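So this block is my_file.cif, mmCIF, C-alpha atoms:
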```
data_work
loop_
_atom_site.label_atom_id
_atom_site.label_comp_id
_atom_site.auth_asym_id
_atom_site.auth_seq_id
_atom_site.Cartn_x
_atom_site.Cartn_y
_atom_site.Cartn_z
CA MET A 252 -22.13 32.89 28.58
CA THR A 253 -20.84 35.31 25.99
CA SER A 254 -18.16 37.67 27.22
CA PRO A 255 -18.51 41.45 26.64
CA ARG A 256 -15.36 41.44 24.51
CA LEU A 257 -16.75 38.73 22.25
CA ARG A 258 -20.06 40.56 21.93
CA ARG A 259 -18.21 43.77 21.10
CA ARG A 260 -16.16 42.04 18.41
CA THR A 261 -19.29 40.46 16.96
CA VAL A 262 -21.07 43.81 16.80
CA LEU A 263 -18.05 45.54 15.23
CA THR A 264 -17.66 42.75 12.65
CA ALA A 265 -21.36 42.88 11.80
CA CYS A 266 -21.22 46.67 11.43
CA ALA A 267 -18.17 46.37 9.17
CA MET A 268 -19.94 43.76 7.03
CA VAL A 269 -23.07 45.91 6.72
CA SER A 270 -20.97 48.97 5.84
CA VAL A 271 -18.97 47.12 3.21
CA ALA A 272 -22.08 45.48 1.74
CA GLY A 273 -23.92 48.82 1.68
CA ALA A 274 -21.03 50.59 -0.01
CA GLU A 275 -20.74 47.76 -2.52
CA LEU A 276 -24.46 47.90 -3.33
CA VAL A 277 -24.33 51.68 -3.81
CA TRP A 278 -21.29 51.35 -6.08
CA VAL A 279 -22.53 48.34 -8.05
CA ALA A 280 -26.22 49.32 -8.38
CA PRO A 281 -25.81 51.61 -11.43
CA TYR A 282 -23.72 49.02 -13.27
CA ALA A 283 -25.93 46.13 -12.16
CA ARG A 284 -28.88 47.71 -13.96
CA HIS A 285 -26.86 47.86 -17.18
CA SER A 286 -25.63 44.28 -16.74
CA ALA A 287 -29.10 42.91 -15.99
CA GLY A 288 -29.68 42.24 -19.68
CA GLN A 289 -26.42 40.31 -19.99
CA LEU A 290 -27.30 38.21 -16.94
CA ALA A 291 -30.80 37.54 -18.26
CA HIS A 292 -29.40 36.31 -21.59
CA ALA A 293 -26.47 34.35 -20.16
CA ARG A 294 -25.61 31.31 -22.22
CA LEU A 295 -26.67 28.16 -20.40
CA ARG A 296 -23.96 26.02 -21.98
CA TRP A 297 -21.17 28.18 -20.57
CA PHE A 298 -22.92 28.46 -17.21
CA LEU A 299 -23.09 24.68 -16.88
CA LEU A 300 -19.44 24.47 -17.89
CA ALA A 301 -18.61 26.96 -15.13
CA LEU A 302 -20.48 24.80 -12.60
CA ALA A 303 -18.55 21.72 -13.73
CA ALA A 304 -15.23 23.57 -13.47
CA GLU A 305 -16.03 24.75 -9.93
CA THR A 306 -16.91 21.19 -8.93
CA VAL A 307 -13.56 19.99 -10.28
CA SER A 308 -11.84 22.74 -8.28
CA MET A 309 -13.47 21.64 -5.03
CA MET A 310 -12.68 17.98 -5.67
CA ALA A 311 -9.04 18.84 -6.38
CA PHE A 312 -8.76 20.55 -3.00
CA ALA A 313 -10.45 17.55 -1.36
CA ARG A 314 -7.84 15.27 -2.94
CA LEU A 315 -5.12 17.59 -1.67
CA GLN A 316 -6.45 17.35 1.90
CA ARG A 317 -6.81 13.58 1.60
CA LEU A 318 -3.27 13.20 0.29
CA ALA A 319 -1.84 15.35 3.11
CA LEU A 320 -3.61 13.25 5.74
CA GLY A 321 -2.27 10.10 4.12
CA VAL A 322 1.33 11.10 4.92
CA GLY A 323 0.73 10.07 8.51
CA GLY A 324 -1.01 6.85 7.52
CA LEU A 325 -4.61 8.11 7.74
CA ARG A 326 -6.76 6.84 4.88
CA VAL A 327 -9.96 8.78 4.23
CA ARG A 328 -12.56 8.26 1.55
CA LEU A 329 -12.70 10.93 -1.13
CA GLY A 330 -16.42 11.47 -0.54
CA SER A 331 -15.84 12.24 3.14
CA ALA A 332 -12.99 14.63 2.34
CA ALA A 333 -15.14 16.37 -0.30
CA ALA A 334 -18.03 16.78 2.15
CA MET A 335 -15.63 18.34 4.67
CA VAL A 336 -14.27 20.74 2.03
CA PHE A 337 -17.74 21.82 0.87
CA ALA A 338 -18.97 22.32 4.44
CA GLY A 339 -15.83 24.22 5.44
CA ASN A 340 -16.18 26.44 2.40
CA ALA A 341 -19.79 27.20 3.35
CA LEU A 342 -18.74 28.25 6.86
CA SER A 343 -15.90 30.36 5.51
CA ALA A 344 -18.09 32.13 2.94
CA THR A 345 -21.14 32.89 5.06
CA LEU A 346 -19.94 33.65 8.59
CA PRO A 347 -17.86 36.57 9.94
CA GLY A 348 -14.34 35.33 10.54
CA GLY A 349 -15.33 32.31 8.51
CA SER A 350 -11.76 31.34 7.64
CA LEU A 351 -10.96 30.63 11.28
CA ILE A 352 -14.29 28.87 11.79
CA SER A 353 -13.63 26.74 8.73
CA ILE A 354 -10.20 25.68 10.00
CA THR A 355 -11.72 24.78 13.37
CA TYR A 356 -14.45 22.74 11.72
CA ARG A 357 -12.02 20.86 9.47
CA THR A 358 -9.76 20.19 12.46
CA ARG A 359 -12.64 18.64 14.38
CA ARG A 360 -13.64 16.50 11.43
CA MET A 361 -10.07 15.25 11.06
CA ARG A 362 -9.94 14.45 14.78
CA SER A 363 -13.21 12.53 14.49
CA TRP A 364 -11.57 10.40 11.80
CA GLY A 365 -8.73 9.52 14.19
CA ALA A 366 -6.10 12.00 13.00
CA SER A 367 -3.46 12.99 15.53
CA ALA A 368 -2.35 16.55 16.19
CA PRO A 369 0.80 16.21 14.02
CA GLN A 370 -1.25 14.85 11.12
CA ILE A 371 -3.76 17.70 11.36
CA GLY A 372 -1.06 20.34 11.67
CA PHE A 373 0.86 18.92 8.73
CA ALA A 374 -2.29 18.77 6.60
CA HIS A 375 -3.14 22.43 7.27
CA ALA A 376 0.44 23.60 6.79
CA ALA A 377 1.10 21.58 3.64
CA THR A 378 -2.12 22.61 1.92
CA GLY A 379 -1.52 26.26 2.82
CA VAL A 380 2.06 26.30 1.55
CA LEU A 381 1.29 24.42 -1.66
CA SER A 382 -1.75 26.60 -2.40
CA THR A 383 0.37 29.73 -1.93
CA ILE A 384 3.04 28.42 -4.29
CA ALA A 385 0.44 27.40 -6.88
CA LEU A 386 -1.23 30.83 -6.80
CA ALA A 387 2.16 32.51 -7.17
CA VAL A 388 2.88 30.33 -10.21
CA LEU A 389 -0.43 31.38 -11.75
CA ALA A 390 0.43 35.01 -11.06
CA GLY A 391 3.72 34.55 -12.91
CA VAL A 392 1.92 32.99 -15.86
CA GLY A 393 -0.54 35.88 -15.88
CA HIS A 394 2.22 38.50 -15.94
CA THR A 395 3.95 36.63 -18.75
CA LEU A 396 0.79 36.46 -20.85
CA ALA A 397 0.10 40.14 -20.19
CA GLY A 398 3.63 41.07 -21.27
CA ASN A 399 4.52 42.43 -17.83
CA ASN A 400 7.82 40.62 -17.33
CA SER A 401 9.00 43.13 -14.74
CA GLN A 402 6.86 41.40 -12.09
CA LEU A 403 8.31 37.95 -12.70
CA PHE A 404 11.24 38.57 -10.38
CA SER A 405 8.98 39.42 -7.43
CA VAL A 406 6.87 36.34 -8.13
CA ALA A 407 10.01 34.17 -8.24
CA VAL A 408 11.21 35.68 -4.95
CA GLN A 409 7.87 34.89 -3.35
CA VAL A 410 7.94 31.27 -4.51
CA VAL A 411 11.55 30.77 -3.41
CA ALA A 412 10.90 32.37 -0.01
CA THR A 413 7.84 30.19 0.59
CA CYS A 414 9.74 27.03 -0.36
CA ALA A 415 12.67 28.05 1.85
CA LEU A 416 10.45 28.65 4.87
CA ALA A 417 8.65 25.36 4.33
CA GLY A 418 11.96 23.52 3.98
CA ALA A 419 13.34 25.12 7.12
CA ALA A 420 10.22 24.18 9.06
CA LEU A 421 10.44 20.56 7.89
CA ALA A 422 14.13 20.39 8.75
CA LEU A 423 13.42 21.77 12.22
CA VAL A 424 10.56 19.33 12.78
CA HIS A 425 12.76 16.39 11.78
CA HIS A 426 15.26 17.41 14.49
CA PRO A 427 13.04 17.67 17.57
CA ALA A 428 16.00 17.88 19.92
CA ALA A 429 16.37 21.54 18.94
CA LEU A 430 12.76 22.18 19.90
CA ARG A 431 12.50 20.29 23.17
CA ARG A 432 14.54 22.72 25.28
CA PRO A 433 12.65 25.93 24.33
CA VAL A 434 9.33 24.09 24.55
CA ARG A 435 10.16 22.82 28.02
CA LEU A 436 11.11 26.31 29.15
CA LEU A 437 7.89 27.77 27.79
CA LEU A 438 5.74 25.04 29.32
CA ARG A 439 7.35 25.13 32.74
CA LEU A 440 5.21 28.05 33.84
CA TRP A 441 2.16 26.53 32.23
CA ARG A 442 2.63 23.25 34.10
CA ARG A 443 2.96 25.12 37.36
CA LEU A 444 -0.29 26.92 36.72
CA ARG A 445 -2.12 23.71 35.86
CA ARG A 446 -0.11 21.62 38.35
CA SER A 447 0.14 18.74 35.91
CA ALA A 448 2.83 17.12 33.79
CA ALA A 449 0.39 15.88 31.18
CA ASP A 450 1.12 18.79 28.84
CA HIS A 451 4.85 18.09 29.01
CA LEU A 452 4.30 14.47 28.06
CA SER A 453 1.93 15.48 25.28
CA VAL A 454 4.52 17.81 23.77
CA GLU A 455 7.17 15.10 23.91
CA ARG A 456 4.91 12.73 22.05
CA LEU A 457 3.92 15.48 19.62
CA LEU A 458 7.54 16.20 18.69
CA ASP A 459 8.30 12.51 18.29
CA GLU A 460 5.30 12.01 15.98
CA LEU A 461 6.25 15.05 13.93
CA ALA A 462 9.79 13.76 13.55
CA ALA A 463 8.43 10.42 12.33
CA MET A 464 6.57 12.04 9.42
CA HIS A 465 8.68 11.90 6.25
CA PRO A 466 6.62 12.84 3.18
CA PRO A 467 8.20 11.35 0.05
CA ALA A 468 9.15 13.44 -2.96
CA ARG A 469 6.18 12.16 -4.96
CA PHE A 470 3.86 13.59 -2.30
CA TRP A 471 5.06 17.12 -3.00
CA ALA A 472 4.76 16.63 -6.77
CA ARG A 473 1.24 15.22 -6.60
CA SER A 474 0.10 17.72 -3.99
CA LEU A 475 1.39 20.66 -6.03
CA GLY A 476 -0.48 19.24 -9.00
CA PHE A 477 -3.72 19.12 -7.00
CA ALA A 478 -3.13 22.66 -5.70
CA LEU A 479 -2.59 23.90 -9.24
CA GLY A 480 -5.68 21.98 -10.33
CA ASN A 481 -7.71 23.65 -7.60
CA TRP A 482 -6.78 27.18 -8.71
CA THR A 483 -6.83 26.37 -12.44
CA ALA A 484 -10.30 24.85 -12.36
CA ASP A 485 -11.61 27.85 -10.42
CA LEU A 486 -10.00 30.09 -13.05
CA ALA A 487 -11.72 28.02 -15.74
CA CYS A 488 -15.01 28.72 -13.95
CA LEU A 489 -14.32 32.46 -14.21
CA LEU A 490 -13.41 32.14 -17.90
CA ALA A 491 -16.61 30.22 -18.62
CA VAL A 492 -18.63 32.91 -16.82
CA CYS A 493 -16.99 35.56 -19.01
CA HIS A 494 -18.11 33.73 -22.14
CA ALA A 495 -21.56 33.13 -20.63
CA VAL A 496 -22.25 36.89 -20.43
CA GLY A 497 -20.75 37.57 -23.83
CA ALA A 498 -17.36 38.93 -22.71
CA SER A 499 -14.20 37.60 -24.34
CA PRO A 500 -11.23 39.10 -22.49
CA ALA A 501 -7.67 37.99 -23.02
CA LEU A 502 -6.49 35.05 -20.94
CA GLY A 503 -3.76 37.12 -19.32
CA ALA A 504 -6.25 39.79 -18.21
CA VAL A 505 -8.59 37.19 -16.69
CA LEU A 506 -5.70 35.44 -14.97
CA LEU A 507 -4.44 38.68 -13.41
CA ALA A 508 -7.98 39.61 -12.34
CA TYR A 509 -8.40 36.20 -10.74
CA VAL A 510 -5.10 36.39 -8.85
CA ALA A 511 -5.94 39.91 -7.67
CA ALA A 512 -9.34 38.74 -6.40
CA MET A 513 -7.91 35.73 -4.56
CA THR A 514 -5.17 37.87 -3.02
CA ALA A 515 -7.77 40.37 -1.84
CA ALA A 516 -9.80 37.55 -0.29
CA SER A 517 -6.81 36.26 1.67
CA ALA A 518 -5.95 39.79 2.84
CA MET A 519 -9.34 40.18 4.56
CA PRO A 520 -10.02 36.85 6.30
CA LEU A 521 -12.66 38.28 8.65
CA LEU A 522 -14.97 39.24 5.78
CA PRO A 523 -17.05 36.27 4.60
CA ALA A 524 -16.03 35.33 1.05
CA GLY A 525 -14.01 38.56 0.82
CA LEU A 526 -17.23 40.57 0.59
CA GLY A 527 -16.55 43.79 -1.29
CA THR A 528 -12.81 43.39 -1.65
CA VAL A 529 -12.97 40.46 -4.08
CA ASP A 530 -15.70 42.12 -6.13
CA ALA A 531 -13.83 45.41 -6.38
CA ALA A 532 -10.56 43.69 -7.33
CA LEU A 533 -12.26 41.51 -9.93
CA VAL A 534 -14.31 44.27 -11.58
CA LEU A 535 -11.55 46.87 -11.60
CA THR A 536 -8.90 44.47 -12.94
CA LEU A 537 -11.20 43.17 -15.67
CA HIS A 538 -12.08 46.75 -16.63
CA HIS A 539 -8.38 47.61 -16.74
CA GLY A 540 -7.95 44.62 -19.06
CA GLY A 541 -10.42 46.04 -21.57
CA VAL A 542 -13.75 44.64 -20.36
CA PRO A 543 -16.59 47.21 -20.11
CA THR A 544 -17.70 47.96 -16.57
CA SER A 545 -21.20 46.59 -17.10
CA SER A 546 -19.80 43.33 -18.51
CA ALA A 547 -17.23 43.09 -15.72
CA THR A 548 -20.01 43.57 -13.16
CA ALA A 549 -22.08 40.85 -14.83
CA VAL A 550 -19.07 38.52 -14.72
CA ASP A 551 -18.55 39.25 -11.04
CA LEU A 552 -22.21 38.71 -10.11
CA LEU A 553 -22.51 35.43 -12.02
CA TYR A 554 -19.14 34.13 -10.78
CA ARG A 555 -20.04 34.97 -7.19
CA LEU A 556 -23.40 33.27 -7.66
CA ILE A 557 -21.49 30.05 -8.33
CA SER A 558 -18.60 30.61 -5.94
CA PRO A 559 -19.35 31.00 -3.12
CA GLY A 560 -23.14 31.06 -3.72
CA LEU A 561 -24.08 27.62 -5.00
CA VAL A 562 -21.00 26.04 -3.42
CA SER A 563 -22.08 27.37 -0.01
CA VAL A 564 -25.63 26.06 -0.52
CA ALA A 565 -24.24 22.59 -1.24
CA GLY A 566 -21.92 22.87 1.76
CA TRP A 567 -24.69 23.85 4.16
CA ILE A 568 -26.87 20.99 2.89
CA LEU A 569 -24.05 18.53 3.57
CA LEU A 570 -23.35 20.08 6.96
CA VAL A 571 -27.01 19.98 8.07
CA HIS A 572 -27.37 16.41 6.82
CA HIS A 573 -24.25 15.40 8.71
CA ARG A 574 -25.51 16.98 11.94
CA ARG A 575 -29.04 15.62 11.63
CA ARG A 576 -28.02 12.01 11.21
CA SER A 577 -25.79 12.00 14.30
CA PRO A 578 -28.60 11.83 16.93
CA ARG A 579 -29.98 8.71 15.27
CA GLY A 580 -26.58 7.09 15.67
CA ARG A 581 -26.04 6.34 12.01
CA ARG A 582 -22.43 5.41 11.34
CA ALA A 583 -20.75 5.77 7.95
CA LEU A 584 -17.18 4.58 7.68
CA ASP A 585 -14.86 7.25 6.22
CA SER A 586 -12.01 4.94 5.37
CA ASP A 587 -11.00 3.27 2.17
CA THR A 588 -11.55 -0.09 3.83
CA SER A 589 -15.16 0.65 4.81
CA ALA A 590 -16.43 -2.00 2.40
CA ALA A 591 -15.10 -4.76 4.65
CA PRO A 592 -17.80 -6.38 6.88
CA ARG A 593 -17.69 -5.45 10.52
CA GLN A 594 -17.38 -8.27 13.01
CA PRO A 595 -19.62 -8.21 16.08
CA PRO A 596 -17.81 -7.67 19.39
CA THR A 597 -17.99 -11.27 20.52
CA GLN A 598 -14.71 -11.27 22.40
CA PRO A 599 -14.86 -9.69 25.85
CA GLU A 600 -11.39 -8.19 25.55
CA GLN A 601 -12.30 -5.84 22.67
CA GLN A 602 -13.68 -3.07 24.90
CA PRO A 603 -10.61 -2.96 27.19
CA ARG A 604 -8.46 -2.85 24.04
CA LEU A 605 -10.26 0.26 22.85
CA GLU A 606 -9.91 1.81 26.29
CA GLU A 607 -6.19 1.10 26.14
CA VAL A 608 -5.97 2.83 22.76
CA ASN A 609 -7.74 5.83 24.21
CA ARG A 610 -5.32 5.96 27.11
CA GLN A 611 -2.31 5.71 24.81
CA ALA A 612 -3.54 8.37 22.40
CA PRO A 613 -5.77 10.84 24.29
CA GLY A 614 -5.52 13.32 21.41
CA GLN A 615 -7.33 10.93 19.03
CA LEU A 616 -11.04 10.25 19.04
CA ILE A 617 -12.19 6.67 18.54
CA GLY A 618 -15.41 7.18 16.62
CA ASP A 619 -17.17 10.38 15.65
CA PRO A 620 -19.46 12.22 18.10
CA HIS A 621 -21.13 13.91 15.11
CA GLY A 622 -22.09 10.68 13.38
CA THR A 623 -19.00 9.78 11.34
CA ALA A 624 -17.23 6.61 12.35
CA ALA A 625 -13.48 6.36 12.80
CA VAL A 626 -11.26 5.63 9.84
CA THR A 627 -8.59 3.03 9.49
CA GLN A 628 -5.22 4.20 10.73
CA ALA A 629 -2.66 2.59 8.44
CA PRO A 630 0.88 2.20 9.70
CA ALA A 631 3.25 4.92 8.56
CA GLY A 632 5.79 3.98 5.93
#
```
Rewrite the structure from the file as structure tokens, please.
Amino acid sequence: MTSPRLRRRTVLTACAMVSVAGAELVWVAPYARHSAGQLAHARLRWFLLALAAETVSMMAFARLQRLALGVGGLRVRLGSAAAMVFAGNALSATLPGGSLISITYRTRRMRSWGASAPQIGFAHAATGVLSTIALAVLAGVGHTLAGNNSQLFSVAVQVVATCALAGAALALVHHPAALRRPVRLLLRLWRRLRRSAADHLSVERLLDELAAMHPPARFWARSLGFALGNWTADLACLLAVCHAVGASPALGAVLLAYVAAMTAASAMPLLPAGLGTVDAALVLTLHHGGVPTSSATAVDLLYRLISPGLVSVAGWILLVHHRRRSPRGRRALDSDTSAAPRQPPTQPEQQPRLEEVNRQAPGQLIGDPHGTAAVTQAPAG
């Protein structure tokens, strides 16, 4: 049963979305009429190029997620990771508070593949940190191209601060003895309330598993490359859209407009796809860079049609297909070793062995309740 507080938050969020969307329509309507001709005569070649660039961007993020999960020994097929990324993007772009819903959905998918809590936490943290650093690097490049070198120092400070915080967190995780005492003190009251020591044991195992994760140096280099590829391909989509509507702004102006739009989207996580904030940041920054308002509006409408529009449609199709096949019990292996033939359970001791695995790792799911079979858990190192 829905609580009154949850209903109140839902109503307030819906009212905020309607208000923002209404204000955006009122503000954009006069310019949308002028940009209708540019949209009607958009060049198909550049539009298809924008679609291809957005697909590359999504696949780069899927590779980043897959690589982060592989640090703990979890091997996932690229197709399964891409389906998760597309579906998570659809949830994030179409639902209020979609960013949190998307994280929850991706967490459940990772658990269904057999990922442990440390692996999931590391994957979320690593992708977030690397994406932040990559976007900051793009911002620095944009300021350099625009001739605004005064902002390079702030960008450098942001990158250094993010790297320092990530390094401190990794150093702390690799020395769990410093964490056990405060965690025990915080959980003492919680154990008394629940009258169980299971949480204490779970935290001990969690800290030990975190300490055992040692990502090599090549992981950070490759992951940063995929994070940069994610943002750069999305930027290429925006550039292709500009040429599709007949606008040819400078690369520095487009880069700064893109960074401003992505920053605005992250600043308002409760709004689906940064409704209103992204559009305003994109149009105003492009106009400041010399693009006419009607052309900037056409660029925004066509870019948003692709991302998140068509991307969300693909994500919802994948999500519905994934949910529909689960009642029929269809199993599709998500591991790299899925091509190997499966042996029938002829030995009577196989079922107790699975039960023993479940008892040893209660945080991991053997199999997928939504229709995706478990993946192969490779040994770490």
Contacts of range 320-405 of chain A with range 525-532 of chain A up to 12 Å, shortest pair per row, all atoms listed in the file, as JSON lines:
```
{"residue": "A:Ser343", "atom": "CA", "partner": "A:Gly525", "partner_atom": "CA", "distance": 9.6}
{"residue": "A:Ala344", "atom": "CA", "partner": "A:Gly525", "partner_atom": "CA", "distance": 7.9}
{"residue": "A:Thr345", "atom": "CA", "partner": "A:Leu526", "partner_atom": "CA", "distance": 9.7}
{"residue": "A:Leu346", "atom": "CA", "partner": "A:Leu526", "partner_atom": "CA", "distance": 10.9}
{"residue": "A:Pro347", "atom": "CA", "partner": "A:Gly525", "partner_atom": "CA", "distance": 10.1}
{"residue": "A:Gly348", "atom": "CA", "partner": "A:Gly525", "partner_atom": "CA", "distance": 10.2}
{"residue": "A:Gly349", "atom": "CA", "partner": "A:Gly525", "partner_atom": "CA", "distance": 10.0}
{"residue": "A:Ser350", "atom": "CA", "partner": "A:Gly525", "partner_atom": "CA", "distance": 10.2}
```
Could you spell out the hits of the PyMOL selection byres ((chain A and resi 377-392) around 8) on the shown file, as a ChimeraX atom specification? /A:315-316,319,373-376,393-396,402-403,406-407,409-410,413-414,417,474-475,478-479,482,503,506-507,510
Selection export as a PDB file, in the coordinates of the input, atoms kept: C-alpha atoms:
```pdb
ATOM      1  CA  LEU A 315      -5.120  17.590  -1.670  1.00  0.00           C
ATOM      2  CA  GLN A 316      -6.450  17.350   1.900  1.00  0.00           C
ATOM      3  CA  ALA A 319      -1.840  15.350   3.110  1.00  0.00           C
ATOM      4  CA  PHE A 373       0.860  18.920   8.730  1.00  0.00           C
ATOM      5  CA  ALA A 374      -2.290  18.770   6.600  1.00  0.00           C
ATOM      6  CA  HIS A 375      -3.140  22.430   7.270  1.00  0.00           C
ATOM      7  CA  ALA A 376       0.440  23.600   6.790  1.00  0.00           C
ATOM      8  CA  GLY A 393      -0.540  35.880 -15.880  1.00  0.00           C
ATOM      9  CA  HIS A 394       2.220  38.500 -15.940  1.00  0.00           C
ATOM     10  CA  THR A 395       3.950  36.630 -18.750  1.00  0.00           C
ATOM     11  CA  LEU A 396       0.790  36.460 -20.850  1.00  0.00           C
ATOM     12  CA  GLN A 402       6.860  41.400 -12.090  1.00  0.00           C
ATOM     13  CA  LEU A 403       8.310  37.950 -12.700  1.00  0.00           C
ATOM     14  CA  VAL A 406       6.870  36.340  -8.130  1.00  0.00           C
ATOM     15  CA  ALA A 407      10.010  34.170  -8.240  1.00  0.00           C
ATOM     16  CA  GLN A 409       7.870  34.890  -3.350  1.00  0.00           C
ATOM     17  CA  VAL A 410       7.940  31.270  -4.510  1.00  0.00           C
ATOM     18  CA  THR A 413       7.840  30.190   0.590  1.00  0.00           C
ATOM     19  CA  CYS A 414       9.740  27.030  -0.360  1.00  0.00           C
ATOM     20  CA  ALA A 417       8.650  25.360   4.330  1.00  0.00           C
ATOM     21  CA  SER A 474       0.100  17.720  -3.990  1.00  0.00           C
ATOM     22  CA  LEU A 475       1.390  20.660  -6.030  1.00  0.00           C
ATOM     23  CA  ALA A 478      -3.130  22.660  -5.700  1.00  0.00           C
ATOM     24  CA  LEU A 479      -2.590  23.900  -9.240  1.00  0.00           C
ATOM     25  CA  TRP A 482      -6.780  27.180  -8.710  1.00  0.00           C
ATOM     26  CA  GLY A 503      -3.760  37.120 -19.320  1.00  0.00           C
ATOM     27  CA  LEU A 506      -5.700  35.440 -14.970  1.00  0.00           C
ATOM     28  CA  LEU A 507      -4.440  38.680 -13.410  1.00  0.00           C
ATOM     29  CA  VAL A 510      -5.100  36.390  -8.850  1.00  0.00           C
TER      30      VAL A 510
END
```
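Here CA of Leu552 in chain A is placed at a distance of 19.1 Å from CA of Ser308 in chain A.
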Report as AutoDock Vina command-line options the centre and the edge lengths, in Å to one decimal, of the axis-aligned box holding every listed atom of range 330-342 of chain A, padded by 4 Å on each side.
```
--center_x -16.4 --center_y 19.9 --center_z 3.2 --size_x 14.8 --size_y 24.8 --size_z 15.4
```
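Taking CA of Ala472 in chain A as the reference point, CA of Arg317 in chain A is found at 14.6 Å.
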